[in-house]
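Here's the structure we're looking at; comments come further down.
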Amino acid sequence: MQKDQLFTRRRMLLAGVAALGSAGTAGAVLASDGEETVRAAAAPAPAAAPGPQARPALGPSAFRLQPLTGYGPPRTPPRKLKVRDEPILRISGSGRRMVLTFDDGPHPDYTPHILDTLARHRVRAMFFVCGECVVDNRELLARMAEEGHVVGNHTWTHPLLTTLGREEIRSEMERTSDIIEDTYGDRPQWFRAPYGAWNRATFQLGAEMGMEPMAWTVDTTDWMEPGTDTIVDQVESGAAPGVVVLSHDAGGDRSQTVRAIREWLPHLLDSGYHLTVPRRRV
Ligand SMILES: [Zn+2]
């Protein structure tokens, strides 16, 4: 049954249906199990008939010929959200639920291994991607969609946003949402500032573009390449209900991250944790 839902979603993507920017509205973050999230994602299937919002899928070369913003076919208008003054640090909800997040990718050397491990354990995660990395790895975004992962916006070039002007921040975020929509199928509903450097403008622009700001609770410190054992320890000692775990699938040598998740993921599952993706409360 889960498989059918995934196939439905895949067909929607192949049909190039602009998805469901309007599915979520402002509100608390709700933990949900993966199946529920996939069902929510597949809900607009009846709208798959070509309509004003249906857009043809772009091939890899067509994308390069298409302006990133401004001139293309109309995109799904984002539902504006309440402007927060701090990012979300953990998920609410009952039970031993945790969220796994992977930043800075996709990367052809590391992301596929992480996806393989997640698939082996039937776990869904969030990937906060950079637009410039998506350009040459579009198939990895398609795979994330096919396997039920959630893709969030991590800007185009991973700048320190607090040093940029408002229009530069807007461009970083908007271009990234556009390429995510083109490759993943939906506009992102989540945004994460590089280096966790948030300011008023990032919260305002994110809300304007229909994205909630998502930070993290536990940093695996994998970006410091501290050794596989240290990464495993960070995750296992930080595990607790509602925790959001930060890892990286690009931005450096991530072979330690790849090895570590093969160890800590089965341990967390054996300890009774349910690894899930968040869903915005409608
Ligand atoms: Zn980052």
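Labeling convention for the structure tokens: chains A, B, ... as they appear, residues from 1 per chain, ligands from 1 in order of appearance.
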Against ligand 1, which residues of chain A fall within 6 Å? For each one I want the closest pair of atoms and the distance in Å (one decimal), counting only C-alpha atoms and all ligand atoms, rows by chain and increasing residue number, as CSV.
residue,atom,partner,partner_atom_place_in_ligand_line,distance
A:Asp103,CA,ligand 1,1 (Zn),5.2
A:Asp104,CA,ligand 1,1 (Zn),4.8
A:Pro194,CA,ligand 1,1 (Zn),4.4
A:Tyr195,CA,ligand 1,1 (Zn),5.7
Please produce a file of the residues just selected, as a CSV table (one decimal), in the first residue's frame, where the atoms kept are N, CA and C atoms.
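Result file follows (out_27.csv):
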chain,number,residue,atom,x,y,z
A,103,ASP,N,22.2,18.3,5.5
A,103,ASP,CA,22.4,19.7,4.9
A,103,ASP,C,23.4,19.7,3.8
A,104,ASP,N,23.3,20.7,3.0
A,104,ASP,CA,24.4,21.1,2.0
A,104,ASP,C,24.5,20.3,0.7
A,194,PRO,N,21.9,28.8,6.3
A,194,PRO,CA,23.3,28.3,6.5
A,194,PRO,C,23.9,28.8,7.8
A,195,TYR,N,24.7,27.9,8.4
A,195,TYR,CA,25.4,28.2,9.7
A,195,TYR,C,24.4,28.5,10.8
Q: Among the residues of region 36-267 of chain A, find those DSSP assigns to alpha helix (DSSP H) from the backbone and print them as a ChimeraX atom specification.
A: /A:36-42,60-65,111-120,131-134,138-146,166-184,200-208,228-238,255-267
Using the selection just defined, write its residues with C-alpha atoms as a tab-separated table (two decimals), in the first residue's frame.
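File selection_22.tsv, as written:
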chain	number	residue	atom	x	y	z
A	36	GLU	CA	0.80	9.79	6.89
A	37	THR	CA	3.05	12.31	5.25
A	38	VAL	CA	3.13	10.44	1.99
A	39	ARG	CA	-0.63	10.20	2.02
A	40	ALA	CA	-0.85	13.94	2.56
A	41	ALA	CA	1.53	14.50	-0.32
A	42	ALA	CA	-0.47	12.31	-2.64
A	60	PRO	CA	17.93	18.67	-17.77
A	61	SER	CA	18.89	20.80	-20.73
A	62	ALA	CA	15.60	22.64	-20.87
A	63	PHE	CA	16.18	23.77	-17.32
A	64	ARG	CA	19.36	25.57	-18.27
A	65	LEU	CA	17.58	27.39	-21.05
A	111	THR	CA	23.92	11.31	-0.67
A	112	PRO	CA	23.21	8.00	-2.47
A	113	HIS	CA	24.81	6.02	0.40
A	114	ILE	CA	22.75	7.90	2.97
A	115	LEU	CA	19.61	7.30	0.91
A	116	ASP	CA	20.51	3.59	0.69
A	117	THR	CA	20.84	3.34	4.47
A	118	LEU	CA	17.57	5.18	5.06
A	119	ALA	CA	15.84	2.90	2.53
A	120	ARG	CA	17.27	-0.23	4.12
A	131	GLY	CA	20.36	25.12	-5.29
A	132	GLU	CA	23.80	25.10	-6.89
A	133	CYS	CA	24.28	21.46	-5.84
A	134	VAL	CA	20.91	20.47	-7.24
A	138	ARG	CA	18.72	16.58	-10.26
A	139	GLU	CA	18.19	12.81	-10.21
A	140	LEU	CA	18.98	12.73	-6.49
A	141	LEU	CA	16.10	15.12	-5.81
A	142	ALA	CA	13.83	12.89	-7.88
A	143	ARG	CA	14.98	9.93	-5.82
A	144	MET	CA	14.27	11.80	-2.57
A	145	ALA	CA	10.76	12.50	-3.82
A	146	GLU	CA	10.26	8.91	-4.90
A	166	ARG	CA	17.31	41.77	1.54
A	167	GLU	CA	17.13	41.31	-2.24
A	168	GLU	CA	20.21	39.12	-2.26
A	169	ILE	CA	18.64	36.94	0.42
A	170	ARG	CA	15.42	36.80	-1.56
A	171	SER	CA	17.30	35.68	-4.68
A	172	GLU	CA	19.23	32.98	-2.77
A	173	MET	CA	16.00	31.58	-1.36
A	174	GLU	CA	13.72	32.02	-4.35
A	175	ARG	CA	16.02	30.42	-6.94
A	176	THR	CA	16.46	27.46	-4.64
A	177	SER	CA	12.72	27.01	-4.14
A	178	ASP	CA	12.31	27.16	-7.92
A	179	ILE	CA	14.82	24.42	-8.68
A	180	ILE	CA	13.41	22.28	-5.87
A	181	GLU	CA	9.96	22.61	-7.39
A	182	ASP	CA	11.36	21.67	-10.81
A	183	THR	CA	13.26	18.60	-9.60
A	184	TYR	CA	11.41	17.38	-6.51
A	200	ARG	CA	14.59	39.26	10.76
A	201	ALA	CA	14.83	39.39	6.96
A	202	THR	CA	15.30	35.61	6.66
A	203	PHE	CA	12.25	34.96	8.84
A	204	GLN	CA	10.17	37.47	6.90
A	205	LEU	CA	11.22	36.24	3.46
A	206	GLY	CA	10.85	32.59	4.44
A	207	ALA	CA	7.30	33.25	5.67
A	208	GLU	CA	6.51	35.17	2.49
A	228	THR	CA	32.92	8.05	12.95
A	229	ASP	CA	32.78	7.00	16.62
A	230	THR	CA	32.39	10.59	17.81
A	231	ILE	CA	29.52	11.16	15.39
A	232	VAL	CA	27.81	7.99	16.59
A	233	ASP	CA	28.27	9.12	20.22
A	234	GLN	CA	26.86	12.58	19.51
A	235	VAL	CA	23.68	11.13	18.05
A	236	GLU	CA	23.19	8.42	20.64
A	237	SER	CA	23.88	10.67	23.64
A	238	GLY	CA	21.64	13.41	22.22
A	255	SER	CA	32.55	9.45	4.46
A	256	GLN	CA	32.46	9.54	8.29
A	257	THR	CA	28.83	10.64	8.16
A	258	VAL	CA	28.03	7.82	5.74
A	259	ARG	CA	29.69	5.22	7.99
A	260	ALA	CA	28.25	6.65	11.19
A	261	ILE	CA	24.61	6.53	10.11
A	262	ARG	CA	25.00	2.83	9.27
A	263	GLU	CA	25.80	2.38	12.96
A	264	TRP	CA	23.60	4.83	14.80
A	265	LEU	CA	20.44	4.43	12.76
A	266	PRO	CA	19.81	0.77	13.67
A	267	HIS	CA	20.75	1.56	17.29
Q: Pick out the closest residue to Asp222 (chain A) from this set: A:Phe102, A:Ala193, A:Asp270, A:Cys130. Count only C-alpha atoms.
A: A:Phe102
Using only C-alpha atoms, I'd like a table of the residues in region 148-241 of chain A that come within 8 Å of region 77-96 of chain A; for each, show the closest atom pair and its distance in Å rounded to one decimal, ordered by chain and ascending number, as a tab-separated table.
residue	atom	partner	partner_atom	distance
A:Trp198	CA	A:Glu86	CA	7.9
A:Arg200	CA	A:Asp85	CA	7.0
A:Phe203	CA	A:Val83	CA	6.0
A:Gln204	CA	A:Val83	CA	5.6
A:Ala207	CA	A:Leu81	CA	4.6
A:Glu208	CA	A:Lys80	CA	4.9
A:Met209	CA	A:Pro78	CA	5.4
A:Gly210	CA	A:Pro78	CA	5.0
A:Met211	CA	A:Leu81	CA	7.3
A:Glu212	CA	A:Leu81	CA	7.6
A:Pro213	CA	A:Pro87	CA	4.9
A:Met214	CA	A:Ile88	CA	4.8
A:Ala215	CA	A:Leu89	CA	5.1
A:Trp216	CA	A:Leu89	CA	4.8
A:Thr217	CA	A:Leu89	CA	5.5
A:Ala240	CA	A:Arg96	CA	7.0
A:Pro241	CA	A:Arg96	CA	4.5
Preceding selection exported with N, CA and C atoms as a PDB file, in the first residue's frame:
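Contents of part-v7.pdb, freshly written:
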ATOM      1  N   TRP A 198      20.338  33.291  11.452  1.00  0.00           N
ATOM      2  CA  TRP A 198      19.022  33.823  11.103  1.00  0.00           C
ATOM      3  C   TRP A 198      18.989  35.323  11.419  1.00  0.00           C
ATOM      4  N   ARG A 200      15.975  38.901  11.012  1.00  0.00           N
ATOM      5  CA  ARG A 200      14.586  39.259  10.758  1.00  0.00           C
ATOM      6  C   ARG A 200      14.222  39.059   9.275  1.00  0.00           C
ATOM      7  N   PHE A 203      13.563  35.438   8.360  1.00  0.00           N
ATOM      8  CA  PHE A 203      12.255  34.955   8.844  1.00  0.00           C
ATOM      9  C   PHE A 203      11.118  35.531   7.997  1.00  0.00           C
ATOM     10  N   GLN A 204      11.231  36.829   7.678  1.00  0.00           N
ATOM     11  CA  GLN A 204      10.166  37.475   6.896  1.00  0.00           C
ATOM     12  C   GLN A 204      10.079  36.884   5.493  1.00  0.00           C
ATOM     13  N   ALA A 207       8.753  33.283   5.467  1.00  0.00           N
ATOM     14  CA  ALA A 207       7.301  33.251   5.667  1.00  0.00           C
ATOM     15  C   ALA A 207       6.572  33.680   4.396  1.00  0.00           C
ATOM     16  N   GLU A 208       7.120  34.682   3.736  1.00  0.00           N
ATOM     17  CA  GLU A 208       6.514  35.168   2.488  1.00  0.00           C
ATOM     18  C   GLU A 208       6.505  34.070   1.422  1.00  0.00           C
ATOM     19  N   MET A 209       7.538  33.244   1.439  1.00  0.00           N
ATOM     20  CA  MET A 209       7.649  32.170   0.445  1.00  0.00           C
ATOM     21  C   MET A 209       7.032  30.865   0.932  1.00  0.00           C
ATOM     22  N   GLY A 210       6.332  30.908   2.048  1.00  0.00           N
ATOM     23  CA  GLY A 210       5.613  29.729   2.511  1.00  0.00           C
ATOM     24  C   GLY A 210       6.472  28.695   3.198  1.00  0.00           C
ATOM     25  N   MET A 211       7.616  29.143   3.762  1.00  0.00           N
ATOM     26  CA  MET A 211       8.518  28.168   4.397  1.00  0.00           C
ATOM     27  C   MET A 211       8.685  28.466   5.887  1.00  0.00           C
ATOM     28  N   GLU A 212       8.636  27.417   6.685  1.00  0.00           N
ATOM     29  CA  GLU A 212       8.901  27.533   8.121  1.00  0.00           C
ATOM     30  C   GLU A 212      10.403  27.384   8.365  1.00  0.00           C
ATOM     31  N   PRO A 213      10.944  28.169   9.307  1.00  0.00           N
ATOM     32  CA  PRO A 213      12.378  28.063   9.616  1.00  0.00           C
ATOM     33  C   PRO A 213      12.662  26.878  10.540  1.00  0.00           C
ATOM     34  N   MET A 214      13.475  25.971  10.072  1.00  0.00           N
ATOM     35  CA  MET A 214      13.770  24.753  10.851  1.00  0.00           C
ATOM     36  C   MET A 214      15.245  24.728  11.225  1.00  0.00           C
ATOM     37  N   ALA A 215      15.524  24.742  12.506  1.00  0.00           N
ATOM     38  CA  ALA A 215      16.912  24.600  12.971  1.00  0.00           C
ATOM     39  C   ALA A 215      17.119  23.157  13.417  1.00  0.00           C
ATOM     40  N   TRP A 216      17.800  22.929  14.511  1.00  0.00           N
ATOM     41  CA  TRP A 216      18.057  21.566  14.963  1.00  0.00           C
ATOM     42  C   TRP A 216      18.265  21.568  16.468  1.00  0.00           C
ATOM     43  N   THR A 217      18.201  20.382  17.045  1.00  0.00           N
ATOM     44  CA  THR A 217      18.422  20.217  18.479  1.00  0.00           C
ATOM     45  C   THR A 217      19.817  19.681  18.742  1.00  0.00           C
ATOM     46  N   ALA A 240      16.570  11.903  22.132  1.00  0.00           N
ATOM     47  CA  ALA A 240      15.479  12.150  23.085  1.00  0.00           C
ATOM     48  C   ALA A 240      14.227  12.451  22.265  1.00  0.00           C
ATOM     49  N   PRO A 241      13.043  12.304  22.861  1.00  0.00           N
ATOM     50  CA  PRO A 241      11.826  12.594  22.100  1.00  0.00           C
ATOM     51  C   PRO A 241      11.802  14.031  21.583  1.00  0.00           C
TER      52      PRO A 241
END
Q: Can you work out the spacing between CA of Asn199 (chain A) and CA of His154 (chain A) in Å, to one decimal?
A: 14.7 Å
Q: For each of A:Ala239, A:Val151, A:Val135, A:Met98, take the minimum atom-to-atom distance to Arg187 (chain A), counting only C-alpha atoms, then give the residue where this is smallest.
A: A:Val151
Q: Go ahead and compute the interatomic distance for CA of His248 (chain A) and CA of Tyr110 (chain A), in Å to one decimal.
A: 9.3 Å
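The coordinates place CA of Gly165 (chain A) at 21.9 Å from CA of Gly152 (chain A).
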